[in-house]
Each structure stands twice: as structure tokens, then as C-alpha cells.
>>> print(open('work01.cif').read())   # mmCIF, C-alpha atoms
data_run
#
loop_
_atom_site.group_PDB
_atom_site.id
_atom_site.type_symbol
_atom_site.label_atom_id
_atom_site.label_comp_id
_atom_site.auth_asym_id
_atom_site.auth_seq_id
_atom_site.Cartn_x
_atom_site.Cartn_y
_atom_site.Cartn_z
ATOM 1 C CA MET A 5 14.687 -38.573 85.279
ATOM 2 C CA ASP A 6 15.577 -35.516 87.313
ATOM 3 C CA GLY A 7 12.487 -33.848 88.706
ATOM 4 C CA GLN A 8 14.263 -30.508 88.662
ATOM 5 C CA GLY A 9 15.037 -30.925 85.010
ATOM 6 C CA ASN A 10 13.045 -28.117 83.555
ATOM 7 C CA GLY A 11 12.372 -25.525 86.186
ATOM 8 C CA ASP A 12 9.906 -22.953 84.941
ATOM 9 C CA ALA A 13 11.891 -21.658 81.994
ATOM 10 C CA GLY A 14 9.790 -23.189 79.295
ATOM 11 C CA GLY A 15 6.467 -23.682 81.000
ATOM 12 C CA SER A 16 4.622 -26.951 80.994
ATOM 13 C CA GLN A 17 4.012 -27.263 77.246
ATOM 14 C CA CYS A 18 7.736 -27.122 76.519
ATOM 15 C CA ASP A 19 8.314 -29.616 79.301
ATOM 16 C CA ILE A 20 5.692 -32.041 78.018
ATOM 17 C CA VAL A 21 6.976 -31.916 74.452
ATOM 18 C CA ALA A 22 10.590 -32.333 75.542
ATOM 19 C CA ARG A 23 9.950 -35.351 77.715
ATOM 20 C CA ALA A 24 7.696 -37.038 75.166
ATOM 21 C CA PHE A 25 10.306 -36.441 72.477
ATOM 22 C CA VAL A 26 13.160 -37.741 74.611
ATOM 23 C CA ASP A 27 11.257 -40.899 75.509
ATOM 24 C CA HIS A 28 10.391 -41.503 71.872
ATOM 25 C CA TYR A 29 13.824 -40.652 70.497
ATOM 26 C CA TYR A 30 15.857 -43.000 72.691
ATOM 27 C CA ARG A 31 13.317 -45.829 72.525
ATOM 28 C CA THR A 32 13.499 -45.567 68.738
ATOM 29 C CA PHE A 33 17.301 -45.378 68.856
ATOM 30 C CA ASP A 34 17.548 -48.477 71.027
ATOM 31 C CA PHE A 35 14.891 -50.666 69.406
ATOM 32 C CA ASP A 36 14.316 -49.464 65.814
ATOM 33 C CA ARG A 37 17.253 -47.281 64.870
ATOM 34 C CA ALA A 38 16.397 -47.271 61.160
ATOM 35 C CA ALA A 39 13.234 -45.348 62.025
ATOM 36 C CA LEU A 40 15.190 -42.382 63.412
ATOM 37 C CA ALA A 41 15.627 -40.816 59.969
ATOM 38 C CA ALA A 42 11.920 -39.993 59.913
ATOM 39 C CA LEU A 43 12.425 -37.608 62.837
ATOM 40 C CA TYR A 44 14.701 -35.356 60.752
ATOM 41 C CA GLY A 45 14.027 -33.143 57.757
ATOM 42 C CA GLN A 46 15.849 -31.932 54.667
ATOM 43 C CA THR A 47 17.430 -29.016 56.524
ATOM 44 C CA SER A 48 18.409 -30.986 59.634
ATOM 45 C CA MET A 49 21.948 -31.078 60.966
ATOM 46 C CA LEU A 50 23.654 -33.688 63.130
ATOM 47 C CA SER A 51 27.019 -33.402 64.847
ATOM 48 C CA PHE A 52 27.893 -36.807 66.303
ATOM 49 C CA GLU A 53 31.143 -36.812 68.221
ATOM 50 C CA GLY A 54 32.349 -33.970 66.029
ATOM 51 C CA HIS A 55 31.347 -35.555 62.715
ATOM 52 C CA ALA A 56 28.821 -33.413 60.886
ATOM 53 C CA VAL A 57 26.147 -34.614 58.479
ATOM 54 C CA ALA A 58 23.059 -32.899 57.104
ATOM 55 C CA GLY A 59 19.662 -33.922 55.784
ATOM 56 C CA ALA A 60 17.409 -36.740 56.958
ATOM 57 C CA GLU A 61 18.816 -39.334 54.563
ATOM 58 C CA GLU A 62 22.476 -38.805 55.451
ATOM 59 C CA ILE A 63 21.666 -38.513 59.147
ATOM 60 C CA GLY A 64 19.756 -41.787 59.012
ATOM 61 C CA GLN A 65 22.707 -43.465 57.306
ATOM 62 C CA LYS A 66 25.149 -42.056 59.850
ATOM 63 C CA LEU A 67 23.089 -43.288 62.794
ATOM 64 C CA ALA A 68 22.542 -46.699 61.184
ATOM 65 C CA GLN A 69 26.273 -47.113 60.579
ATOM 66 C CA LEU A 70 27.477 -46.292 64.086
ATOM 67 C CA PRO A 71 29.947 -48.965 65.175
ATOM 68 C CA PHE A 72 27.685 -50.692 67.656
ATOM 69 C CA GLU A 73 24.658 -52.876 67.107
ATOM 70 C CA GLN A 74 22.776 -52.831 70.347
ATOM 71 C CA CYS A 75 22.612 -50.089 72.932
ATOM 72 C CA ARG A 76 20.437 -48.808 75.741
ATOM 73 C CA HIS A 77 20.153 -45.143 76.660
ATOM 74 C CA THR A 78 19.246 -44.195 80.222
ATOM 75 C CA VAL A 79 18.251 -40.553 80.598
ATOM 76 C CA SER A 80 19.409 -38.718 83.734
ATOM 77 C CA THR A 81 18.259 -35.140 83.080
ATOM 78 C CA VAL A 82 16.076 -33.331 80.553
ATOM 79 C CA ASP A 83 16.110 -29.531 80.341
ATOM 80 C CA CYS A 84 14.139 -27.505 77.825
ATOM 81 C CA GLN A 85 13.698 -23.888 76.816
ATOM 82 C CA PRO A 86 11.597 -22.269 74.107
ATOM 83 C CA SER A 87 13.699 -21.127 71.167
ATOM 84 C CA PRO A 88 13.105 -17.850 69.329
ATOM 85 C CA SER A 89 13.072 -19.754 66.033
ATOM 86 C CA PHE A 90 9.758 -20.533 64.432
ATOM 87 C CA PRO A 91 6.923 -20.252 66.976
ATOM 88 C CA GLY A 92 6.773 -23.370 69.091
ATOM 89 C CA SER A 93 10.401 -24.376 68.570
ATOM 90 C CA ILE A 94 12.138 -25.735 71.628
ATOM 91 C CA LEU A 95 15.637 -26.571 72.734
ATOM 92 C CA VAL A 96 16.100 -29.868 74.559
ATOM 93 C CA PHE A 97 19.224 -30.739 76.509
ATOM 94 C CA VAL A 98 19.744 -34.307 77.720
ATOM 95 C CA SER A 99 22.337 -36.034 79.864
ATOM 96 C CA GLY A 100 22.443 -39.732 80.517
ATOM 97 C CA ASN A 101 24.213 -43.052 80.182
ATOM 98 C CA LEU A 102 24.730 -45.290 77.187
ATOM 99 C CA GLN A 103 25.206 -49.021 77.630
ATOM 100 C CA LEU A 104 26.687 -50.796 74.621
ATOM 101 C CA ALA A 105 26.181 -54.544 74.205
ATOM 102 C CA GLY A 106 29.249 -56.441 75.380
ATOM 103 C CA GLU A 107 30.753 -53.462 77.204
ATOM 104 C CA GLU A 108 31.183 -53.599 80.961
ATOM 105 C CA HIS A 109 30.942 -49.906 81.683
ATOM 106 C CA GLN A 110 28.312 -47.393 80.699
ATOM 107 C CA LEU A 111 29.320 -44.267 78.818
ATOM 108 C CA ARG A 112 28.136 -40.823 79.904
ATOM 109 C CA PHE A 113 26.656 -38.697 77.147
ATOM 110 C CA SER A 114 25.135 -35.259 76.603
ATOM 111 C CA GLN A 115 22.977 -34.299 73.656
ATOM 112 C CA MET A 116 21.028 -31.275 72.525
ATOM 113 C CA PHE A 117 18.191 -30.973 70.044
ATOM 114 C CA GLN A 118 16.298 -28.120 68.490
ATOM 115 C CA LEU A 119 12.756 -29.255 67.692
ATOM 116 C CA VAL A 120 10.839 -27.257 65.085
ATOM 117 C CA PRO A 121 7.096 -27.664 64.396
ATOM 118 C CA ASN A 122 6.236 -29.205 61.036
ATOM 119 C CA GLU A 123 3.178 -28.755 58.859
ATOM 120 C CA GLN A 124 1.560 -31.870 60.312
ATOM 121 C CA GLY A 125 1.378 -30.335 63.769
ATOM 122 C CA SER A 126 4.249 -32.427 65.064
ATOM 123 C CA PHE A 127 7.965 -31.649 65.367
ATOM 124 C CA PHE A 128 11.119 -32.503 63.497
ATOM 125 C CA VAL A 129 14.714 -32.371 64.704
ATOM 126 C CA GLN A 130 16.396 -29.367 63.088
ATOM 127 C CA ASN A 131 19.584 -29.523 65.196
ATOM 128 C CA ASP A 132 21.192 -32.463 66.972
ATOM 129 C CA ILE A 133 24.572 -32.385 68.719
ATOM 130 C CA PHE A 134 25.843 -35.478 70.571
ATOM 131 C CA ARG A 135 28.945 -35.927 72.704
ATOM 132 C CA LEU A 136 30.264 -38.633 74.959
ATOM 133 C CA ASN A 137 31.540 -37.249 78.246
ATOM 134 C CA TYR A 138 34.844 -38.865 78.973
ATOM 135 C CA GLY A 139 35.887 -38.798 82.597
ATOM 136 C CA MET B 169 40.102 -28.227 72.288
ATOM 137 C CA ASP B 170 38.947 -31.002 70.012
ATOM 138 C CA GLY B 171 39.991 -30.388 66.440
ATOM 139 C CA GLN B 172 37.002 -32.349 65.209
ATOM 140 C CA GLY B 173 34.666 -30.206 67.214
ATOM 141 C CA ASN B 174 32.726 -28.547 64.461
ATOM 142 C CA GLY B 175 32.955 -30.609 61.320
ATOM 143 C CA ASP B 176 31.471 -28.794 58.400
ATOM 144 C CA ALA B 177 27.943 -28.399 59.694
ATOM 145 C CA GLY B 178 28.109 -24.713 60.382
ATOM 146 C CA GLY B 179 30.869 -23.548 58.105
ATOM 147 C CA SER B 180 33.786 -21.484 59.269
ATOM 148 C CA GLN B 181 31.889 -18.365 60.337
ATOM 149 C CA CYS B 182 29.827 -20.348 62.828
ATOM 150 C CA ASP B 183 32.986 -22.047 64.013
ATOM 151 C CA ILE B 184 34.860 -18.776 64.499
ATOM 152 C CA VAL B 185 32.007 -17.149 66.405
ATOM 153 C CA ALA B 186 31.490 -20.206 68.602
ATOM 154 C CA ARG B 187 35.123 -20.539 69.600
ATOM 155 C CA ALA B 188 35.548 -16.812 70.221
ATOM 156 C CA PHE B 189 32.408 -16.789 72.343
ATOM 157 C CA VAL B 190 33.444 -19.860 74.340
ATOM 158 C CA ASP B 191 36.878 -18.406 75.058
ATOM 159 C CA HIS B 192 35.343 -15.109 76.144
ATOM 160 C CA TYR B 193 32.520 -16.639 78.169
ATOM 161 C CA TYR B 194 34.614 -18.923 80.355
ATOM 162 C CA ARG B 195 37.414 -16.390 80.810
ATOM 163 C CA THR B 196 34.782 -13.909 81.992
ATOM 164 C CA PHE B 197 33.179 -16.562 84.221
ATOM 165 C CA ASP B 198 36.501 -17.442 85.834
ATOM 166 C CA PHE B 199 38.006 -13.977 86.244
ATOM 167 C CA ASP B 200 35.195 -11.398 86.227
ATOM 168 C CA ARG B 201 31.936 -13.231 86.851
ATOM 169 C CA ALA B 202 29.966 -10.059 87.538
ATOM 170 C CA ALA B 203 30.535 -9.072 83.905
ATOM 171 C CA LEU B 204 28.644 -12.115 82.593
ATOM 172 C CA ALA B 205 25.258 -10.383 82.916
ATOM 173 C CA ALA B 206 26.204 -8.107 80.022
ATOM 174 C CA LEU B 207 26.262 -11.126 77.689
ATOM 175 C CA TYR B 208 22.534 -11.752 78.234
ATOM 176 C CA GLY B 209 19.449 -9.761 77.246
ATOM 177 C CA GLN B 210 15.965 -9.135 78.577
ATOM 178 C CA THR B 211 14.559 -12.244 76.882
ATOM 179 C CA SER B 212 17.410 -14.556 77.867
ATOM 180 C CA MET B 213 16.855 -17.819 79.715
ATOM 181 C CA LEU B 214 19.251 -19.791 81.898
ATOM 182 C CA SER B 215 18.771 -23.310 83.233
ATOM 183 C CA PHE B 216 21.577 -24.021 85.705
ATOM 184 C CA GLU B 217 21.454 -27.538 87.113
ATOM 185 C CA GLY B 218 17.706 -27.515 86.592
ATOM 186 C CA HIS B 219 17.086 -24.120 88.179
ATOM 187 C CA ALA B 220 15.544 -21.705 85.702
ATOM 188 C CA VAL B 221 15.942 -17.928 85.673
ATOM 189 C CA ALA B 222 15.190 -15.362 82.978
ATOM 190 C CA GLY B 223 16.411 -11.912 82.008
ATOM 191 C CA ALA B 224 19.947 -10.507 82.174
ATOM 192 C CA GLU B 225 19.581 -9.096 85.663
ATOM 193 C CA GLU B 226 18.288 -12.265 87.293
ATOM 194 C CA ILE B 227 20.746 -14.410 85.376
ATOM 195 C CA GLY B 228 23.620 -12.207 86.500
ATOM 196 C CA GLN B 229 22.447 -12.512 90.118
ATOM 197 C CA LYS B 230 22.116 -16.290 89.817
ATOM 198 C CA LEU B 231 25.630 -16.671 88.411
ATOM 199 C CA ALA B 232 27.092 -14.291 90.991
ATOM 200 C CA GLN B 233 25.470 -16.228 93.829
ATOM 201 C CA LEU B 234 26.629 -19.706 92.856
ATOM 202 C CA PRO B 235 28.078 -21.420 95.934
ATOM 203 C CA PHE B 236 31.703 -21.223 94.899
ATOM 204 C CA GLU B 237 34.035 -18.271 94.703
ATOM 205 C CA GLN B 238 36.821 -19.296 92.413
ATOM 206 C CA CYS B 239 36.695 -21.713 89.525
ATOM 207 C CA ARG B 240 38.488 -22.595 86.315
ATOM 208 C CA HIS B 241 36.777 -24.007 83.262
ATOM 209 C CA THR B 242 38.766 -26.161 80.842
ATOM 210 C CA VAL B 243 37.002 -26.706 77.538
ATOM 211 C CA SER B 244 37.281 -30.160 75.935
ATOM 212 C CA THR B 245 34.972 -29.870 72.908
ATOM 213 C CA VAL B 246 33.081 -27.113 71.093
ATOM 214 C CA ASP B 247 30.415 -27.967 68.520
ATOM 215 C CA CYS B 248 28.295 -25.437 66.678
ATOM 216 C CA GLN B 249 25.459 -25.365 64.184
ATOM 217 C CA PRO B 250 23.544 -22.497 62.624
ATOM 218 C CA SER B 251 20.081 -22.117 64.126
ATOM 219 C CA PRO B 252 16.990 -21.269 62.067
ATOM 220 C CA SER B 253 16.218 -18.459 64.496
ATOM 221 C CA PHE B 254 17.055 -14.917 63.486
ATOM 222 C CA PRO B 255 19.624 -14.925 60.652
ATOM 223 C CA GLY B 256 23.075 -15.479 62.053
ATOM 224 C CA SER B 257 21.935 -17.251 65.210
ATOM 225 C CA ILE B 258 24.052 -20.203 66.232
ATOM 226 C CA LEU B 259 23.862 -23.088 68.661
ATOM 227 C CA VAL B 260 27.012 -23.812 70.665
ATOM 228 C CA PHE B 261 27.535 -27.039 72.600
ATOM 229 C CA VAL B 262 30.449 -27.288 75.033
ATOM 230 C CA SER B 263 31.875 -30.077 77.159
ATOM 231 C CA GLY B 264 34.695 -29.645 79.613
ATOM 232 C CA ASN B 265 35.962 -29.712 83.177
ATOM 233 C CA LEU B 266 35.344 -27.363 86.063
ATOM 234 C CA GLN B 267 37.907 -27.016 88.843
ATOM 235 C CA LEU B 268 36.583 -25.422 92.034
ATOM 236 C CA ALA B 269 39.007 -23.825 94.483
ATOM 237 C CA GLY B 270 39.758 -26.183 97.358
ATOM 238 C CA GLU B 271 38.332 -29.247 95.597
ATOM 239 C CA GLU B 272 40.608 -32.129 94.707
ATOM 240 C CA HIS B 273 38.695 -33.447 91.724
ATOM 241 C CA GLN B 274 37.483 -31.662 88.648
ATOM 242 C CA LEU B 275 33.818 -31.825 87.689
ATOM 243 C CA ARG B 276 32.690 -32.701 84.167
ATOM 244 C CA PHE B 277 30.164 -30.318 82.653
ATOM 245 C CA SER B 278 28.166 -29.823 79.465
ATOM 246 C CA GLN B 279 26.561 -26.580 78.413
ATOM 247 C CA MET B 280 24.639 -25.279 75.430
ATOM 248 C CA PHE B 281 24.039 -21.739 74.253
ATOM 249 C CA GLN B 282 21.956 -20.136 71.572
ATOM 250 C CA LEU B 283 23.657 -16.929 70.410
ATOM 251 C CA VAL B 284 21.469 -14.356 68.659
ATOM 252 C CA PRO B 285 22.831 -11.297 66.818
ATOM 253 C CA ASN B 286 22.091 -7.969 68.490
ATOM 254 C CA GLU B 287 21.668 -4.516 66.966
ATOM 255 C CA GLN B 288 25.297 -3.662 67.663
ATOM 256 C CA GLY B 289 26.535 -6.369 65.293
ATOM 257 C CA SER B 290 27.569 -8.617 68.164
ATOM 258 C CA PHE B 291 25.725 -11.506 69.852
ATOM 259 C CA PHE B 292 23.838 -12.054 73.053
ATOM 260 C CA VAL B 293 23.036 -15.321 74.825
ATOM 261 C CA GLN B 294 19.333 -16.076 74.303
ATOM 262 C CA ASN B 295 19.452 -19.626 75.720
ATOM 263 C CA ASP B 296 21.878 -21.180 78.216
ATOM 264 C CA ILE B 297 21.541 -24.672 79.706
ATOM 265 C CA PHE B 298 24.228 -25.998 82.077
ATOM 266 C CA ARG B 299 24.598 -29.439 83.622
ATOM 267 C CA LEU B 300 27.282 -31.181 85.616
ATOM 268 C CA ASN B 301 27.905 -34.706 84.342
ATOM 269 C CA TYR B 302 28.104 -36.983 87.319
ATOM 270 C CA GLY B 303 29.872 -40.278 86.701
#
>>> encode(input="work01.cif", output="C-alpha cells")
Amino acid sequence: MDGQGNGDAGGSQCDIVARAFVDHYYRTFDFDRAALAALYGQTSMLSFEGHAVAGAEEIGQKLAQLPFEQCRHTVSTVDCQPSPSFPGSILVFVSGNLQLAGEEHQLRFSQMFQLVPNEQGSFFVQNDIFRLNYG
Amino acid sequence: MDGQGNGDAGGSQCDIVARAFVDHYYRTFDFDRAALAALYGQTSMLSFEGHAVAGAEEIGQKLAQLPFEQCRHTVSTVDCQPSPSFPGSILVFVSGNLQLAGEEHQLRFSQMFQLVPNEQGSFFVQNDIFRLNYG
């Protein structure tokens, strides 16, 4: 994790939420991918390598059907900024490496999320855009 | 430019705005960097390689003072999604290469923007997060 990752743009609350979310998101992705759908809502949008799906159910199906079984994300940087959406919304920008089972080389990736507070006092992922960074 | 870059998530209006903005932003960055400040507003935030600045004036100074004179951005992918911020706001996610004058190798970068409509019927950059993607 890059200690410079957040600067002062979002203040500490934004920083804390972003890092906690990132830890939770990739641990869930790597060890219990079927549980990711619960992090999205009805209005959520995912763009995964240019393929767009919407809504928690379809997003969950898309993530479950990705053509690899096992993977490990390693996060390099986390940046966050408050978003002028609903109060408390934040933008999270991640870069890191993705190791797929059986593959020799890691893949670089970048991903952004917009987290929006829900009625339960937690957050859901409203926006999610993922790209591999090919050298 | 990746033809799959936007899918259907944001519809064509989002797509058109995102691509027009990306073309304009990087052309301005590469050929008239001092003019970039005009794309930001008083509430704007920039995180550039983990360094955070806020407000159009400070952001313009930060971009003007980056430790390279000449550069050329080449965009590989553009993804966009509507944001639940002010109506018409969109999130733009870019990956590409950055060639610095005098450097042999290009650098990979990823960058995200949140564009918010202004009173003039155009957009300003509310959020901007930039990261180089080191291999």
C-alpha cells in the first residue's frame, strides 16, 4: 500500500472508508466471489474490461462467470476523494496486480469505485470500472 | 481507442461527452498545459501520484509545475458511467501511455475524472485522480 495514496484531498474519514472497502472488496473477490453481489445495489453499474452490466444480480453473475477460478489481488495504491453525490459518497481509485492461478506473470490492473451510503449506515458500490493495464 | 470502451452502461450521450472531453483534455495537456486550469472549478480536487491539491488555481499550478516540459498522451481505453451526482454528471476512466520528451520508454497511466455540468451548459472537472502504472 502506498503511504502517499490519499494525500489530504478527502480527509481521514474518506481515507479510512476507502482502505477498509478496498481490503474487504478484494478479500471477498479472492476468497468468496459469490458474496460480491451483496456490495452492489439495484442502480449499480459495472464496466469490466469494457463490458457493461447493471444491477446487483447481473453484476454478481458477471463477476462469478469471469474466465478464471482462483485469483489474488495485490493492491499497490489507493486514492480517494469525496464525491459531490449524496452526502458521504466517495470515489476510490485503486491500482495493483492480479495473479491468476496457473499463470506465471501477474497482470496490472486499475479500478475505480463510487461508494454511496445506504440506509443501513454502510456503503454500496454505485459505480465500478475495471481495466487491465497492458504493457 | 478501444471500441469496447463504454459498453452500454452510460448510453451514447455519456459516451460522446467522455470521448470529447478526453480528446480535449489530453490535447490541452500536451500542447497548452497552462489552459488546463480553466477546466477545473473552485471545488475541484486533484490527486496526482498521491499528491492532493484543490481548487482550479492550485491545480493549474500543480500541473504547470510537473517535472517535465513536453509530453504526449496516447489514450488506450475510455470508459464512462453516469454518476448519481448532479444530473448529467459522468465518471470517465482512462488508460493510456505517456511519452516524456527525452525518455526512451513510454509510461503507462490510468486516470479518472468526475465531470459535473456547469451553468454555461458545459462541464467542469470536479474530481481528478492520476496514477502511473509501474510494471
>>> residues_near_point(input="work01.cif", point="(10.8, -30.6, 74.3)", cutoff="7 Å", atoms="all atoms listed in the file", output="list in words")
Cys18, Asp19, Ile20, Val21, Ala22, Arg23, Phe25, Cys84, Ile94, Leu95 and Val96 of chain A
>>> closest_atom_pairs(input="work01.cif", of="stretch 55-127 of chain A", to="stretch 277-299 of chain B", cutoff="8 Å", atoms="only C-alpha atoms", output="JSON lines")
{"residue": "A:Asp83", "atom": "CA", "partner": "B:Ile297", "partner_atom": "CA", "distance": 7.3}
{"residue": "A:Gln85", "atom": "CA", "partner": "B:Asn295", "partner_atom": "CA", "distance": 7.2}
{"residue": "A:Ser87", "atom": "CA", "partner": "B:Asn295", "partner_atom": "CA", "distance": 7.5}
{"residue": "A:Phe97", "atom": "CA", "partner": "B:Ile297", "partner_atom": "CA", "distance": 7.2}
{"residue": "A:Ser99", "atom": "CA", "partner": "B:Arg299", "partner_atom": "CA", "distance": 7.9}
{"residue": "A:Ser114", "atom": "CA", "partner": "B:Ser278", "partner_atom": "CA", "distance": 6.9}
{"residue": "A:Met116", "atom": "CA", "partner": "B:Met280", "partner_atom": "CA", "distance": 7.6}
>>> closest_residue(input="work01.cif", among="A:Leu40, A:Ala24, A:Leu136, A:Leu50", to="B:Pro250", atoms="all atoms listed in the file")
A:Leu50
>>> calpha_fit_and_write(input="work01.cif", fixed="chain A", moving="chain B", output="tab-separated table (two decimals) with C-alpha atoms, keeping the file's coordinate frame")
chain	number	residue	atom	x	y	z
B	169	MET	CA	14.70	-38.54	85.36
B	170	ASP	CA	15.58	-35.45	87.34
B	171	GLY	CA	12.50	-33.79	88.75
B	172	GLN	CA	14.24	-30.44	88.66
B	173	GLY	CA	15.04	-30.86	85.02
B	174	ASN	CA	13.00	-28.07	83.55
B	175	GLY	CA	12.30	-25.48	86.19
B	176	ASP	CA	9.86	-22.91	84.95
B	177	ALA	CA	11.86	-21.59	82.02
B	178	GLY	CA	9.78	-23.14	79.31
B	179	GLY	CA	6.45	-23.67	80.98
B	180	SER	CA	4.63	-26.95	80.97
B	181	GLN	CA	4.01	-27.26	77.23
B	182	CYS	CA	7.73	-27.13	76.50
B	183	ASP	CA	8.31	-29.61	79.29
B	184	ILE	CA	5.68	-32.05	78.01
B	185	VAL	CA	6.97	-31.92	74.44
B	186	ALA	CA	10.59	-32.33	75.53
B	187	ARG	CA	9.95	-35.35	77.72
B	188	ALA	CA	7.70	-37.04	75.16
B	189	PHE	CA	10.30	-36.45	72.46
B	190	VAL	CA	13.17	-37.75	74.61
B	191	ASP	CA	11.25	-40.90	75.51
B	192	HIS	CA	10.38	-41.51	71.87
B	193	TYR	CA	13.82	-40.66	70.49
B	194	TYR	CA	15.85	-42.99	72.69
B	195	ARG	CA	13.32	-45.83	72.52
B	196	THR	CA	13.49	-45.56	68.73
B	197	PHE	CA	17.30	-45.38	68.84
B	198	ASP	CA	17.54	-48.48	71.01
B	199	PHE	CA	14.89	-50.66	69.39
B	200	ASP	CA	14.32	-49.46	65.81
B	201	ARG	CA	17.26	-47.27	64.85
B	202	ALA	CA	16.39	-47.27	61.15
B	203	ALA	CA	13.22	-45.35	62.02
B	204	LEU	CA	15.19	-42.38	63.41
B	205	ALA	CA	15.62	-40.82	59.95
B	206	ALA	CA	11.91	-40.00	59.91
B	207	LEU	CA	12.42	-37.62	62.84
B	208	TYR	CA	14.70	-35.37	60.76
B	209	GLY	CA	14.02	-33.15	57.75
B	210	GLN	CA	15.86	-31.94	54.67
B	211	THR	CA	17.43	-29.01	56.54
B	212	SER	CA	18.41	-30.99	59.63
B	213	MET	CA	21.96	-31.08	60.96
B	214	LEU	CA	23.66	-33.68	63.13
B	215	SER	CA	27.03	-33.39	64.85
B	216	PHE	CA	27.91	-36.80	66.30
B	217	GLU	CA	31.17	-36.80	68.22
B	218	GLY	CA	32.36	-33.96	66.03
B	219	HIS	CA	31.36	-35.54	62.72
B	220	ALA	CA	28.83	-33.41	60.88
B	221	VAL	CA	26.15	-34.63	58.48
B	222	ALA	CA	23.07	-32.91	57.10
B	223	GLY	CA	19.67	-33.93	55.76
B	224	ALA	CA	17.41	-36.75	56.95
B	225	GLU	CA	18.81	-39.33	54.56
B	226	GLU	CA	22.46	-38.79	55.44
B	227	ILE	CA	21.68	-38.52	59.13
B	228	GLY	CA	19.75	-41.78	59.01
B	229	GLN	CA	22.71	-43.47	57.29
B	230	LYS	CA	25.15	-42.06	59.84
B	231	LEU	CA	23.09	-43.30	62.78
B	232	ALA	CA	22.54	-46.70	61.17
B	233	GLN	CA	26.27	-47.11	60.57
B	234	LEU	CA	27.49	-46.29	64.06
B	235	PRO	CA	29.96	-48.97	65.16
B	236	PHE	CA	27.70	-50.70	67.64
B	237	GLU	CA	24.67	-52.87	67.10
B	238	GLN	CA	22.78	-52.84	70.33
B	239	CYS	CA	22.61	-50.09	72.91
B	240	ARG	CA	20.45	-48.80	75.73
B	241	HIS	CA	20.16	-45.15	76.66
B	242	THR	CA	19.25	-44.20	80.23
B	243	VAL	CA	18.26	-40.57	80.60
B	244	SER	CA	19.42	-38.73	83.73
B	245	THR	CA	18.27	-35.15	83.08
B	246	VAL	CA	16.07	-33.34	80.56
B	247	ASP	CA	16.11	-29.54	80.34
B	248	CYS	CA	14.14	-27.50	77.84
B	249	GLN	CA	13.68	-23.89	76.83
B	250	PRO	CA	11.59	-22.27	74.13
B	251	SER	CA	13.69	-21.13	71.19
B	252	PRO	CA	13.10	-17.86	69.33
B	253	SER	CA	13.08	-19.79	66.06
B	254	PHE	CA	9.76	-20.55	64.44
B	255	PRO	CA	6.93	-20.26	67.00
B	256	GLY	CA	6.77	-23.38	69.09
B	257	SER	CA	10.39	-24.39	68.57
B	258	ILE	CA	12.13	-25.74	71.64
B	259	LEU	CA	15.64	-26.57	72.74
B	260	VAL	CA	16.10	-29.88	74.57
B	261	PHE	CA	19.24	-30.75	76.52
B	262	VAL	CA	19.74	-34.32	77.72
B	263	SER	CA	22.34	-36.04	79.87
B	264	GLY	CA	22.45	-39.74	80.52
B	265	ASN	CA	24.22	-43.07	80.18
B	266	LEU	CA	24.73	-45.30	77.18
B	267	GLN	CA	25.20	-49.04	77.63
B	268	LEU	CA	26.69	-50.82	74.62
B	269	ALA	CA	26.19	-54.56	74.20
B	270	GLY	CA	29.25	-56.47	75.38
B	271	GLU	CA	30.75	-53.49	77.22
B	272	GLU	CA	31.17	-53.62	80.97
B	273	HIS	CA	30.95	-49.92	81.69
B	274	GLN	CA	28.33	-47.41	80.69
B	275	LEU	CA	29.33	-44.27	78.82
B	276	ARG	CA	28.15	-40.82	79.90
B	277	PHE	CA	26.65	-38.70	77.14
B	278	SER	CA	25.14	-35.27	76.59
B	279	GLN	CA	22.98	-34.31	73.65
B	280	MET	CA	21.03	-31.28	72.52
B	281	PHE	CA	18.19	-30.97	70.05
B	282	GLN	CA	16.30	-28.12	68.50
B	283	LEU	CA	12.75	-29.27	67.70
B	284	VAL	CA	10.84	-27.26	65.10
B	285	PRO	CA	7.10	-27.66	64.42
B	286	ASN	CA	6.25	-29.21	61.06
B	287	GLU	CA	3.18	-28.75	58.87
B	288	GLN	CA	1.57	-31.87	60.32
B	289	GLY	CA	1.37	-30.32	63.79
B	290	SER	CA	4.24	-32.44	65.06
B	291	PHE	CA	7.96	-31.65	65.37
B	292	PHE	CA	11.11	-32.51	63.51
B	293	VAL	CA	14.71	-32.38	64.71
B	294	GLN	CA	16.39	-29.36	63.09
B	295	ASN	CA	19.59	-29.52	65.19
B	296	ASP	CA	21.20	-32.47	66.98
B	297	ILE	CA	24.58	-32.39	68.73
B	298	PHE	CA	25.85	-35.49	70.56
B	299	ARG	CA	28.95	-35.93	72.70
B	300	LEU	CA	30.26	-38.66	74.95
B	301	ASN	CA	31.54	-37.26	78.24
B	302	TYR	CA	34.84	-38.89	78.98
B	303	GLY	CA	35.91	-38.77	82.61
>>> atom_distance(input="work01.cif", atom1="atom CA of B:Ser253", atom2="atom CA of B:Val190")
19.9 Å
>>> atom_distance(input="work01.cif", atom1="atom CA of B:Glu226", atom2="atom CA of A:Ser16")
21.0 Å
>>> atom_distance(input="work01.cif", atom1="atom CA of A:Gly106", atom2="atom CA of A:Phe72")
9.8 Å
>>> closest_residue(input="work01.cif", among="A:Ala58, A:Cys75, A:Gly92, A:Ala68", to="chain B", atoms="all atoms listed in the file")
A:Ala58
>>> resolve_selection(input="work01.cif", expression="the PyMOL selection byres ((chain B and resi 210) around 7)", output="number ranges by chain")
B: 209, 211-212, 223-224
>>> residues_around(input="work01.cif", residues="B:Thr196", least_positions_apart="4", cutoff="12 Å", atoms="only C-alpha atoms", output="ChimeraX atom specification")
/B:189-192,200-207,231-232,238-241
>>> closest_residue(input="work01.cif", among="B:Val262, B:Gln181, B:Tyr194, B:Thr242", to="chain A", atoms="only C-alpha atoms")
B:Val262
>>> closest_residue(input="work01.cif", among="B:Tyr208, B:Gln274, B:Glu237, B:Arg195", to="chain A", atoms="all atoms listed in the file")
B:Gln274
>>> closest_residue(input="work01.cif", among="A:Leu104, A:Phe90, A:Ile63, A:Val79", to="chain B", atoms="all atoms listed in the file")
A:Phe90
>>> closest_residue(input="work01.cif", among="A:Ala105, A:Phe33, A:Pro71, A:Arg112", to="chain B", atoms="all atoms listed in the file")
A:Arg112
